[in-house]
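To start, the structure under review is shown below, and the notes come after it.
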Amino acid sequence: MKRLLFSIFIFSFSLQLLPQTKSKLDSLLVVSKTQEKLVLVNILNKISWEYRNSIIGSALFYAKRSLSISEKLEEQKTSSTQ
């Protein structure tokens, strides 16, 4: 009985967190469309982090996109110093 009550408690608690996470993700997605590349890398990392426990495919997509942009920025930085 205690396990059942504990499971119900945990489940109801996790349901309350979903709207907060969705709202945060929505805000990050909107901001990601309007930022400079350096700021965009950080935002994409945050989006990836928010998706990590729910939609793994999306988490990987945003992480790879962030990595790609940061590698391009590093190439630009390296070529401009030579």
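Every chain in the structure tokens has a letter given in the order shown (A, B, ...), and although residue numbers restart at 1 in each chain, ligands are simply numbered from 1 in the order shown.
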
- Message: Give me the residues near Glu71 (chain A) as a PyMOL selection string, where near means some atom within 12 Å (using only C-alpha atoms) and where sequence neighbours in that chain fewer than 6 positions away do not count.
- Response: chain A and resi 37-38+41+64-65+77-78

- Which residue out of A:Ser68, A:Thr81, A:Ser32, A:Gln76 has the minimum interatomic distance to Ile47 (chain A) when only C-alpha atoms are used?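 Ranking A:Ser68, A:Thr81, A:Ser32, A:Gln76 by distance to Ile47 (chain A), first place goes to A:Ser32.
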
- Mind checking which residues fall within 12 Å of Ser58 (chain A), counting only C-alpha atoms, ignoring those fewer than 2 positions away in the same chain, and posting them as JSON, numbers by chain? {"A": [25, 44, 45, 46, 47, 48, 49, 50, 51, 52, 53, 54, 55, 56, 60, 61, 62, 63, 64, 65]}
